[in-house]
file data-v7.txt (compact mmCIF, C-alpha atoms)
# COMPACT_ATOMS: atom_id res chain seq x y z
CA MET J 13 3.44 -15.69 12.75
CA ILE J 14 3.09 -14.02 9.38
CA PRO J 15 5.12 -10.90 8.47
CA PHE J 16 3.80 -7.40 9.05
CA SER J 17 4.62 -4.59 6.61
CA VAL J 18 3.95 -0.85 6.30
CA LEU J 19 2.03 1.09 3.63
CA ASP J 20 2.78 4.83 3.69
CA LEU J 21 1.09 7.62 1.73
CA SER J 22 3.54 10.24 3.06
CA PRO J 23 0.66 12.27 4.53
CA ILE J 24 0.92 16.06 4.49
CA ASN J 25 -0.65 17.44 7.65
CA VAL J 26 -2.55 20.71 7.81
CA GLY J 27 0.04 23.46 8.16
CA ALA J 28 2.92 21.20 7.11
CA THR J 29 4.80 20.66 3.83
CA ALA J 30 5.79 17.79 1.56
CA ALA J 31 9.35 18.21 2.84
CA GLN J 32 8.17 17.46 6.38
CA ALA J 33 6.12 14.51 5.11
CA PHE J 34 9.22 12.99 3.50
CA LYS J 35 11.20 13.51 6.69
CA ASN J 36 8.48 11.70 8.64
CA THR J 37 8.35 8.93 6.05
CA LEU J 38 12.05 8.18 6.36
CA ASP J 39 11.88 8.32 10.15
CA LEU J 40 8.98 5.85 10.19
CA ALA J 41 10.80 3.56 7.75
CA GLN J 42 13.90 3.53 9.94
CA HIS J 43 11.82 2.66 12.98
CA ALA J 44 9.89 0.00 11.03
CA GLU J 45 13.17 -1.61 10.03
CA LYS J 46 14.30 -1.66 13.67
CA TRP J 47 10.96 -3.12 14.78
CA GLY J 48 11.16 -6.02 12.32
CA TYR J 49 8.67 -5.05 9.61
CA GLN J 50 9.11 -7.00 6.37
CA ARG J 51 8.68 -4.24 3.80
CA TYR J 52 7.85 -0.55 3.44
CA TRP J 53 5.65 0.43 0.52
CA LEU J 54 4.63 3.83 -0.84
CA ALA J 55 1.54 4.63 -2.87
CA GLU J 56 1.11 6.68 -6.05
CA HIS J 57 -1.57 9.38 -5.91
CA HIS J 58 -1.81 12.60 -7.92
CA ASN J 59 -3.31 16.05 -7.39
CA MET J 60 -3.94 15.21 -3.71
CA THR J 61 -2.77 18.00 -1.42
CA GLY J 62 -2.60 15.62 1.54
CA ILE J 63 -0.41 12.96 -0.08
CA ALA J 64 3.24 13.56 -0.97
CA SER J 65 4.17 10.26 -2.67
CA ALA J 66 3.17 11.12 -6.25
CA ALA J 67 6.71 10.56 -7.60
CA THR J 68 6.69 7.12 -6.02
CA SER J 69 9.97 5.75 -7.36
CA VAL J 70 11.81 8.87 -6.15
CA VAL J 71 10.45 8.48 -2.63
CA ILE J 72 11.32 4.77 -2.69
CA GLY J 73 14.91 5.75 -3.44
CA HIS J 74 14.84 8.22 -0.54
CA VAL J 75 13.64 5.51 1.86
CA ALA J 76 15.89 2.75 0.55
CA GLY J 77 18.90 5.06 0.79
CA GLY J 78 18.13 5.80 4.44
CA THR J 79 17.60 2.19 5.52
CA GLN J 80 19.69 -0.98 5.42
CA THR J 81 17.67 -4.19 5.28
CA ILE J 82 13.92 -3.58 4.99
CA ARG J 83 12.39 -4.19 1.55
CA VAL J 84 11.09 -0.99 -0.05
CA GLY J 85 8.58 -0.76 -2.87
CA SER J 86 5.37 0.55 -4.36
CA GLY J 87 1.92 -0.14 -3.10
CA GLY J 88 1.47 0.67 -5.79
CA VAL J 89 2.60 2.22 -9.01
CA MET J 90 -0.50 2.87 -11.12
CA LEU J 91 0.71 1.29 -14.33
CA PRO J 92 -1.86 2.86 -16.69
CA ASN J 93 -0.23 6.23 -15.93
CA HIS J 94 3.11 5.09 -17.34
CA ALA J 95 4.77 3.33 -20.24
CA PRO J 96 5.99 -0.08 -18.98
CA LEU J 97 9.51 0.66 -20.21
CA VAL J 98 9.72 3.79 -18.04
CA ILE J 99 8.72 1.82 -14.94
CA ALA J 100 11.17 -0.95 -15.86
CA GLU J 101 13.99 1.59 -16.09
CA GLN J 102 13.01 3.30 -12.83
CA PHE J 103 12.77 0.08 -10.84
CA GLY J 104 15.75 -1.41 -12.62
CA THR J 105 17.69 1.60 -11.38
CA LEU J 106 16.37 1.14 -7.84
CA ALA J 107 17.15 -2.58 -7.88
CA SER J 108 20.68 -1.84 -9.10
CA LEU J 109 21.22 0.70 -6.33
CA TYR J 110 19.61 -1.43 -3.61
CA PRO J 111 19.89 -5.08 -4.77
CA GLY J 112 17.52 -7.59 -3.23
CA ARG J 113 15.41 -4.92 -1.51
CA ILE J 114 13.03 -3.49 -4.13
CA ASP J 115 9.39 -4.55 -4.75
CA LEU J 116 7.16 -3.37 -7.59
CA GLY J 117 3.47 -3.41 -6.69
CA LEU J 118 1.18 -2.53 -9.60
CA GLY J 119 -2.37 -1.20 -9.72
CA ARG J 120 -4.64 -0.49 -12.68
CA ALA J 121 -6.52 2.51 -11.25
CA PRO J 122 -5.28 6.03 -12.05
CA GLY J 123 -4.81 7.03 -8.41
CA THR J 124 -6.54 10.31 -9.17
CA ASP J 125 -9.51 11.90 -10.95
CA GLN J 126 -10.05 11.66 -14.71
CA THR J 127 -8.96 15.24 -15.43
CA THR J 128 -5.65 14.68 -13.67
CA ALA J 129 -5.26 11.28 -15.32
CA ARG J 130 -5.55 13.02 -18.69
CA ALA J 131 -2.88 15.52 -17.62
CA LEU J 132 -0.63 12.60 -16.71
CA ARG J 133 -1.18 10.53 -19.83
CA ARG J 134 -2.70 12.91 -22.42
CA ASP J 135 -4.64 9.97 -23.91
CA LEU J 136 -6.83 7.74 -21.71
CA GLN J 137 -7.92 5.40 -24.51
CA GLY J 138 -7.32 1.78 -23.58
CA SER J 139 -5.23 2.62 -20.52
CA ALA J 140 -6.97 0.30 -18.04
CA ASP J 141 -7.94 -2.22 -20.71
CA SER J 142 -4.30 -2.76 -21.65
CA PHE J 143 -3.24 -3.44 -18.06
CA PRO J 144 -2.72 -7.23 -18.47
CA ASP J 145 -0.60 -6.72 -21.59
CA ASP J 146 1.36 -3.96 -19.88
CA VAL J 147 2.15 -6.24 -16.92
CA VAL J 148 3.42 -8.96 -19.27
CA GLU J 149 5.50 -6.39 -21.16
CA LEU J 150 6.98 -5.21 -17.89
CA GLN J 151 7.86 -8.80 -16.94
CA ARG J 152 9.74 -9.18 -20.22
CA TYR J 153 11.83 -6.10 -19.50
CA PHE J 154 12.98 -7.62 -16.18
CA ALA J 155 13.73 -11.03 -17.75
CA GLU J 156 17.00 -12.00 -19.38
CA PRO J 157 17.18 -10.44 -22.88
CA VAL J 158 16.54 -12.78 -25.79
CA ALA J 159 18.11 -12.82 -29.23
CA GLY J 160 16.63 -10.18 -31.49
CA GLN J 161 15.05 -8.16 -28.66
CA ARG J 162 15.21 -4.59 -29.92
CA VAL J 163 14.01 -2.77 -26.79
CA ARG J 164 15.64 -3.41 -23.43
CA ALA J 165 15.38 -1.80 -20.03
CA VAL J 166 18.81 -0.49 -19.11
CA PRO J 167 19.08 -0.94 -16.19
CA GLY J 168 16.41 -3.56 -15.56
CA ALA J 169 17.05 -6.43 -17.96
CA GLY J 170 17.79 -9.64 -16.12
CA LEU J 171 17.14 -8.18 -12.65
CA GLN J 172 13.87 -10.09 -12.07
CA VAL J 173 12.43 -7.32 -9.90
CA PRO J 174 9.56 -8.90 -7.89
CA ILE J 175 6.18 -7.82 -9.28
CA TRP J 176 3.01 -7.80 -7.16
CA LEU J 177 -0.52 -7.13 -8.38
CA LEU J 178 -2.68 -4.91 -6.20
CA GLY J 179 -6.42 -4.59 -6.39
CA SER J 180 -9.78 -4.02 -4.75
CA SER J 181 -11.82 -6.16 -7.15
CA LEU J 182 -11.86 -9.63 -8.64
CA PHE J 183 -10.05 -8.58 -11.83
CA SER J 184 -6.56 -8.19 -10.35
CA ALA J 185 -7.01 -11.30 -8.22
CA GLN J 186 -7.72 -13.39 -11.31
CA LEU J 187 -4.89 -11.78 -13.28
CA ALA J 188 -2.42 -12.38 -10.42
CA ALA J 189 -3.55 -16.02 -10.33
CA ALA J 190 -3.18 -16.44 -14.10
CA LEU J 191 0.32 -14.93 -14.12
CA GLY J 192 1.45 -16.68 -10.93
CA LEU J 193 2.20 -13.44 -9.07
CA PRO J 194 1.75 -12.43 -5.43
CA PHE J 195 -1.44 -10.49 -4.76
CA ALA J 196 -2.26 -7.67 -2.34
CA PHE J 197 -5.89 -6.75 -1.65
CA ALA J 198 -6.74 -3.15 -0.77
CA SER J 199 -9.14 -4.07 2.02
CA HIS J 200 -8.06 -1.01 4.03
CA PHE J 201 -10.33 1.16 1.86
CA ALA J 202 -12.41 -1.28 -0.23
CA PRO J 203 -13.27 -4.39 1.79
CA ASP J 204 -16.36 -5.53 -0.10
CA HIS J 205 -14.83 -8.21 -2.34
CA MET J 206 -11.92 -9.18 -0.10
CA LEU J 207 -12.87 -12.76 0.73
CA THR J 208 -14.18 -13.54 -2.75
CA ALA J 209 -11.04 -12.13 -4.37
CA LEU J 210 -8.75 -14.11 -2.07
CA ARG J 211 -10.72 -17.30 -2.71
CA LEU J 212 -10.57 -16.81 -6.49
CA TYR J 213 -6.86 -16.00 -6.39
CA ARG J 214 -6.02 -19.17 -4.47
CA ALA J 215 -8.34 -21.40 -6.49
CA GLN J 216 -7.13 -20.20 -9.89
CA PHE J 217 -3.43 -19.74 -9.10
CA ARG J 218 -0.98 -21.14 -11.63
CA PRO J 219 2.62 -21.67 -10.48
CA SER J 220 5.17 -19.55 -12.34
CA ALA J 221 8.87 -18.83 -12.41
CA ALA J 222 8.12 -16.04 -9.92
CA LEU J 223 6.04 -18.01 -7.42
CA ASP J 224 5.23 -21.67 -6.86
CA LYS J 225 2.14 -21.19 -4.67
CA PRO J 226 -0.30 -18.35 -3.88
CA TYR J 227 0.89 -15.53 -1.64
CA ALA J 228 -1.75 -13.07 -0.48
CA MET J 229 -1.32 -9.82 1.41
CA VAL J 230 -4.20 -7.97 3.08
CA GLY J 231 -4.34 -4.23 3.86
CA VAL J 232 -5.43 -3.14 7.35
CA ASN J 233 -5.85 0.32 8.86
CA LEU J 234 -4.00 0.35 12.17
CA PHE J 235 -4.75 2.80 14.98
CA ALA J 236 -3.01 1.51 18.07
CA ALA J 237 -2.46 3.50 21.25
CA ASP J 238 -2.01 2.91 24.95
CA THR J 239 -5.78 3.24 25.50
CA ASN J 240 -8.85 2.46 23.41
CA GLU J 241 -10.06 6.03 23.80
CA GLU J 242 -6.85 7.51 22.41
CA ALA J 243 -6.87 5.08 19.48
CA ARG J 244 -10.46 5.98 18.56
CA LEU J 245 -9.54 9.68 18.69
CA LEU J 246 -6.56 9.14 16.37
CA PHE J 247 -8.86 7.32 13.92
CA THR J 248 -10.93 10.47 13.38
CA SER J 249 -8.18 11.94 11.16
CA LEU J 250 -8.70 9.14 8.63
CA GLN J 251 -12.47 9.41 8.94
CA GLN J 252 -12.30 13.13 8.16
CA GLN J 253 -10.06 12.41 5.18
CA PHE J 254 -12.59 9.98 3.73
CA ILE J 255 -15.55 12.25 4.42
CA ASN J 256 -13.82 15.12 2.63
CA LEU J 257 -12.84 12.84 -0.26
CA ARG J 258 -16.47 11.74 -0.68
CA ARG J 259 -17.55 15.37 -0.64
CA GLY J 260 -15.11 16.15 -3.44
CA THR J 261 -12.99 18.34 -1.17
CA PRO J 262 -9.84 16.32 -0.46
CA GLY J 263 -7.20 18.15 1.48
CA GLN J 264 -4.39 17.82 3.97
CA LEU J 265 -4.61 15.43 6.89
CA GLN J 266 -6.64 16.97 9.72
CA PRO J 267 -5.94 16.72 13.45
CA PRO J 268 -8.20 14.37 15.42
CA VAL J 269 -11.51 15.68 16.73
CA GLU J 270 -13.81 14.71 19.56
CA ARG J 271 -16.87 14.81 17.30
CA LEU J 272 -17.13 14.31 13.53
CA GLU J 273 -19.18 16.93 11.70
CA ALA J 274 -20.94 14.75 9.14
CA ALA J 275 -24.36 13.46 8.19
CA GLU J 276 -25.43 10.02 9.36
CA MET J 277 -25.28 8.61 5.82
CA GLU J 278 -21.75 9.97 5.38
CA LEU J 279 -20.63 8.30 8.59
CA THR J 280 -22.25 5.03 7.55
CA ASN J 281 -20.56 5.05 4.15
CA VAL J 282 -17.17 5.85 5.63
CA ALA J 283 -17.58 3.15 8.28
CA HIS J 284 -18.29 0.66 5.50
CA SER J 285 -15.20 1.67 3.52
CA LEU J 286 -12.99 1.53 6.62
CA ALA J 287 -14.40 -1.72 8.00
CA CYS J 288 -11.00 -3.41 7.78
CA SER J 289 -9.53 -1.32 10.59
CA VAL J 290 -8.03 -2.36 13.91
CA ILE J 291 -8.39 0.35 16.55
CA GLY J 292 -7.48 0.15 20.21
CA ASP J 293 -5.00 -0.62 22.94
CA PRO J 294 -2.43 -3.45 22.64
CA ASP J 295 -4.87 -6.18 23.74
CA THR J 296 -7.57 -4.95 21.36
CA VAL J 297 -5.06 -4.70 18.52
CA ARG J 298 -3.84 -8.24 19.16
CA GLU J 299 -7.38 -9.61 19.01
CA GLY J 300 -8.19 -7.55 15.91
CA LEU J 301 -5.12 -8.55 13.93
CA LEU J 302 -5.55 -12.22 14.85
CA SER J 303 -9.16 -12.00 13.68
CA VAL J 304 -8.11 -10.57 10.30
CA ILE J 305 -5.49 -13.29 9.87
CA GLU J 306 -7.98 -16.02 10.79
CA GLN J 307 -10.70 -14.60 8.55
CA THR J 308 -8.52 -14.11 5.48
CA GLY J 309 -5.74 -16.68 5.80
CA ALA J 310 -3.39 -13.87 4.75
CA ASP J 311 0.27 -14.66 4.22
CA GLU J 312 1.20 -11.11 5.22
CA LEU J 313 -0.49 -8.01 6.65
CA MET J 314 0.15 -4.57 5.18
CA LEU J 315 -0.59 -2.04 7.92
CA THR J 316 -1.31 1.61 7.20
CA ALA J 317 -2.01 4.48 9.58
CA GLN J 318 -3.06 8.00 8.60
CA ILE J 319 -2.30 9.50 12.02
CA PHE J 320 -1.84 13.26 12.37
CA ASP J 321 0.76 13.34 15.15
CA HIS J 322 4.00 11.72 14.01
CA SER J 323 4.97 10.45 17.46
CA ALA J 324 1.52 8.84 17.82
CA ARG J 325 1.97 7.26 14.39
CA LEU J 326 5.30 5.80 15.44
CA ARG J 327 3.74 4.49 18.62
CA SER J 328 0.94 2.80 16.66
CA PHE J 329 3.40 0.82 14.54
CA GLU J 330 5.54 0.09 17.58
CA ILE J 331 2.56 -1.44 19.38
CA ALA J 332 1.74 -3.62 16.36
CA ALA J 333 5.35 -4.82 16.22
CA GLN J 334 5.25 -5.64 19.94
CA VAL J 335 1.96 -7.46 19.49
CA ARG J 336 3.43 -9.54 16.67
CA GLU J 337 6.49 -10.33 18.76
CA GLY J 338 4.18 -11.54 21.52
CA MET J 339 2.33 -13.74 19.01
CA VAL J 340 5.61 -15.23 17.82
CA GLY J 341 6.61 -15.91 21.41
CA GLY J 342 3.25 -17.47 22.17
CA VAL J 343 2.31 -14.85 24.72
call {"tool": "encode", "arguments": {"input": "data-v7.txt", "output": "C-alpha cells"}}
result
Amino acid sequence: MIPFSVLDLSPINVGATAAQAFKNTLDLAQHAEKWGYQRYWLAEHHNMTGIASAATSVVIGHVAGGTQTIRVGSGGVMLPNHAPLVIAEQFGTLASLYPGRIDLGLGRAPGTDQTTARALRRDLQGSADSFPDDVVELQRYFAEPVAGQRVRAVPGAGLQVPIWLLGSSLFSAQLAAALGLPFAFASHFAPDHMLTALRLYRAQFRPSAALDKPYAMVGVNLFAADTNEEARLLFTSLQQQFINLRRGTPGQLQPPVERLEAAEMELTNVAHSLACSVIGDPDTVREGLLSVIEQTGADELMLTAQIFDHSARLRSFEIAAQVREGMVGGV
C-alpha cells in the first residue's frame, strides 16, 4: 500500500489565534508521526486571516523540532515570492538542523492576491515566467559547489535537499517531467486537469540524478468520522471557506453548520472544486481512498482536512491511518 502524508494549512478557527493554530499543528504532526504518515507538509499563503503558515520555513522548523522521524516540508513554497538563494539558505538551514527529514515542494502561484503579491515582491514582472529558471537555479545551490562559483548557499551547498514540483495545471507536470523531479498535483482544490497532468508527467518523464522514474502524489480532502453524517457535517467548514473565498471575503475557519447559506450556483462551483474529497465513516473512507488510488495510479496520497474541532481533525487522520493499516494487512 502506498504511503499517506499530511498537508496542513495551520487553520485559524473563528475566535482563535495563530498561536493556537501552531499548537494544533505540532500536535497533529506528532500524532501523524505515531500513526505512520510519511511526511507532513505546510503551505504558504499570505494575507489570509484563516491560515497561519505564511512563514512556511519557520513553521517547518517548529514541526521538525517537535517530531523525530516524519519528513517535514513545504506543500509548497511559492517560489515566485522569493529569491532562489533565500529559499536555498532557509531549507539548507532546515536540512542541516534536521538531516534527512526536509522536503522542498515548490509552486509557481503567489498563494495570495495580486496586491499582496506586490507587497511581498515589490516587482511582479516576470515572476511566474521565470519559474523554470528559478527552479534550476535552486537546484544548483543544493548541488556540490563547482570551481569558480561565486554565489553559494551557506548552508545549503551539497545538501541535495529533495525538490518537488507542485501544480494544478499541465505546466508544472511537464516541467517536473523535464527536470526529472517528483510531482504533486493539487487535486484537493483544482481537480480538472488531474488525470491529464499525471498522464503527461509519466509519459514525458526524463530520469535525473534526483529520480530514476516518475513519482506522483495526489492531494485529497479527508473528512473521516465514526459516522457518515458526522463526516458530512465536518465537511461544511471547508465548504464555507471556499464559498467565502469565492465571494472575496476569506476569513477564519468556521464551525460546521447543518445547512449552508449559499446560492445553488455557489454550491455547484464549490462541489466541483472539492470533487477530490473522501467523506464518511471508516468503510466509506476505505472505498473512497482505494478509488482515488485506482483512478490516478498515485504513488502517494497527500491528505488534508480543514476541520474546525481539533479532536475531530485528529480522529479523521487516525481513521485514515487505520484504514491504510487494514489495506496493508489485506483486511
call {"tool": "closest_residue", "arguments": {"input": "data-v7.txt", "among": "J:Ala185, J:Leu178, J:Ala209, J:Leu301", "to": "J:Ile331", "atoms": "all atoms listed in the file"}}
result
J:Leu301
call {"tool": "closest_residue", "arguments": {"input": "data-v7.txt", "among": "J:Gly88, J:Pro96, J:Pro226, J:Gly112", "to": "J:Ala165", "atoms": "only C-alpha atoms"}}
result
J:Pro96
call {"tool": "atom_distance", "arguments": {"input": "data-v7.txt", "atom1": "atom CA of J:Gln252", "atom2": "atom CA of J:Ser65"}}
result
19.9 Å
call {"tool": "atom_distance", "arguments": {"input": "data-v7.txt", "atom1": "atom CA of J:Gln334", "atom2": "atom CA of J:Thr308"}}
result
21.7 Å
call {"tool": "atom_distance", "arguments": {"input": "data-v7.txt", "atom1": "atom CA of J:Trp47", "atom2": "atom CA of J:Val340"}}
result
13.6 Å
call {"tool": "decode", "arguments": {"input": "data-v7.txt", "residues": "stretch 166-194 of chain J", "atoms": "N, CA and C atoms", "output": "CSV table (one decimal), in the first residue's frame"}}
result
chain,number,residue,atom,x,y,z
J,166,VAL,N,24.9,29.0,1.9
J,166,VAL,CA,25.6,28.6,3.1
J,166,VAL,C,24.6,28.9,4.3
J,167,PRO,N,24.1,27.8,4.9
J,167,PRO,CA,24.2,26.4,4.5
J,167,PRO,C,23.2,26.1,3.3
J,168,GLY,N,23.5,24.9,2.7
J,168,GLY,CA,22.7,24.5,1.5
J,168,GLY,C,23.5,23.8,0.5
J,169,ALA,N,24.7,24.3,0.2
J,169,ALA,CA,25.5,23.7,-0.9
J,169,ALA,C,25.9,22.3,-0.5
J,170,GLY,N,25.6,21.4,-1.5
J,170,GLY,CA,26.0,20.0,-1.3
J,170,GLY,C,25.0,19.2,-0.5
J,171,LEU,N,23.9,19.8,-0.1
J,171,LEU,CA,22.9,19.0,0.8
J,171,LEU,C,21.9,18.3,0.0
J,172,GLN,N,21.7,18.6,-1.3
J,172,GLN,CA,20.8,17.9,-2.2
J,172,GLN,C,19.4,17.7,-1.5
J,173,VAL,N,18.9,18.9,-1.0
J,173,VAL,CA,17.6,18.9,-0.5
J,173,VAL,C,16.5,18.4,-1.5
J,174,PRO,N,15.7,17.4,-1.2
J,174,PRO,CA,14.8,16.9,-2.3
J,174,PRO,C,13.8,18.0,-2.7
J,175,ILE,N,13.7,18.3,-4.0
J,175,ILE,CA,12.8,19.3,-4.5
J,175,ILE,C,11.6,18.5,-5.2
J,176,TRP,N,10.4,19.0,-4.9
J,176,TRP,CA,9.2,18.5,-5.6
J,176,TRP,C,8.6,19.7,-6.3
J,177,LEU,N,7.9,19.5,-7.4
J,177,LEU,CA,7.1,20.5,-8.1
J,177,LEU,C,5.6,20.2,-7.8
J,178,LEU,N,4.9,21.3,-7.5
J,178,LEU,CA,3.5,21.2,-7.2
J,178,LEU,C,2.7,21.9,-8.2
J,179,GLY,N,1.5,21.5,-8.5
J,179,GLY,CA,0.8,22.2,-9.5
J,179,GLY,C,-0.6,21.8,-9.6
J,180,SER,N,-1.4,22.6,-10.3
J,180,SER,CA,-2.8,22.3,-10.6
J,180,SER,C,-3.1,22.4,-12.1
J,181,SER,N,-2.1,22.4,-12.9
J,181,SER,CA,-2.2,22.6,-14.4
J,181,SER,C,-1.2,21.6,-15.0
J,182,LEU,N,-1.1,21.7,-16.3
J,182,LEU,CA,-0.2,20.9,-17.1
J,182,LEU,C,1.2,21.4,-17.1
J,183,PHE,N,1.4,22.7,-16.8
J,183,PHE,CA,2.7,23.3,-16.9
J,183,PHE,C,3.7,22.7,-15.9
J,184,SER,N,3.3,22.6,-14.6
J,184,SER,CA,4.2,22.1,-13.6
J,184,SER,C,4.4,20.6,-13.9
J,185,ALA,N,3.4,19.9,-14.4
J,185,ALA,CA,3.6,18.5,-14.7
J,185,ALA,C,4.7,18.3,-15.7
J,186,GLN,N,4.6,19.1,-16.8
J,186,GLN,CA,5.6,18.9,-17.8
J,186,GLN,C,7.0,19.4,-17.4
J,187,LEU,N,7.1,20.4,-16.5
J,187,LEU,CA,8.4,20.9,-16.0
J,187,LEU,C,9.0,19.8,-15.1
J,188,ALA,N,8.1,19.2,-14.2
J,188,ALA,CA,8.6,18.2,-13.4
J,188,ALA,C,9.2,17.0,-14.2
J,189,ALA,N,8.5,16.7,-15.3
J,189,ALA,CA,8.9,15.6,-16.1
J,189,ALA,C,10.2,15.9,-16.8
J,190,ALA,N,10.4,17.1,-17.3
J,190,ALA,CA,11.6,17.5,-18.0
J,190,ALA,C,12.8,17.6,-17.0
J,191,LEU,N,12.6,17.9,-15.8
J,191,LEU,CA,13.7,18.0,-14.8
J,191,LEU,C,13.9,16.7,-14.0
J,192,GLY,N,13.0,15.8,-14.2
J,192,GLY,CA,13.1,14.5,-13.5
J,192,GLY,C,12.9,14.6,-12.0
J,193,LEU,N,11.8,15.4,-11.7
J,193,LEU,CA,11.5,15.6,-10.3
J,193,LEU,C,10.2,15.0,-9.9
J,194,PRO,N,10.0,14.7,-8.6
J,194,PRO,CA,8.7,14.2,-8.2
J,194,PRO,C,7.6,15.3,-8.3
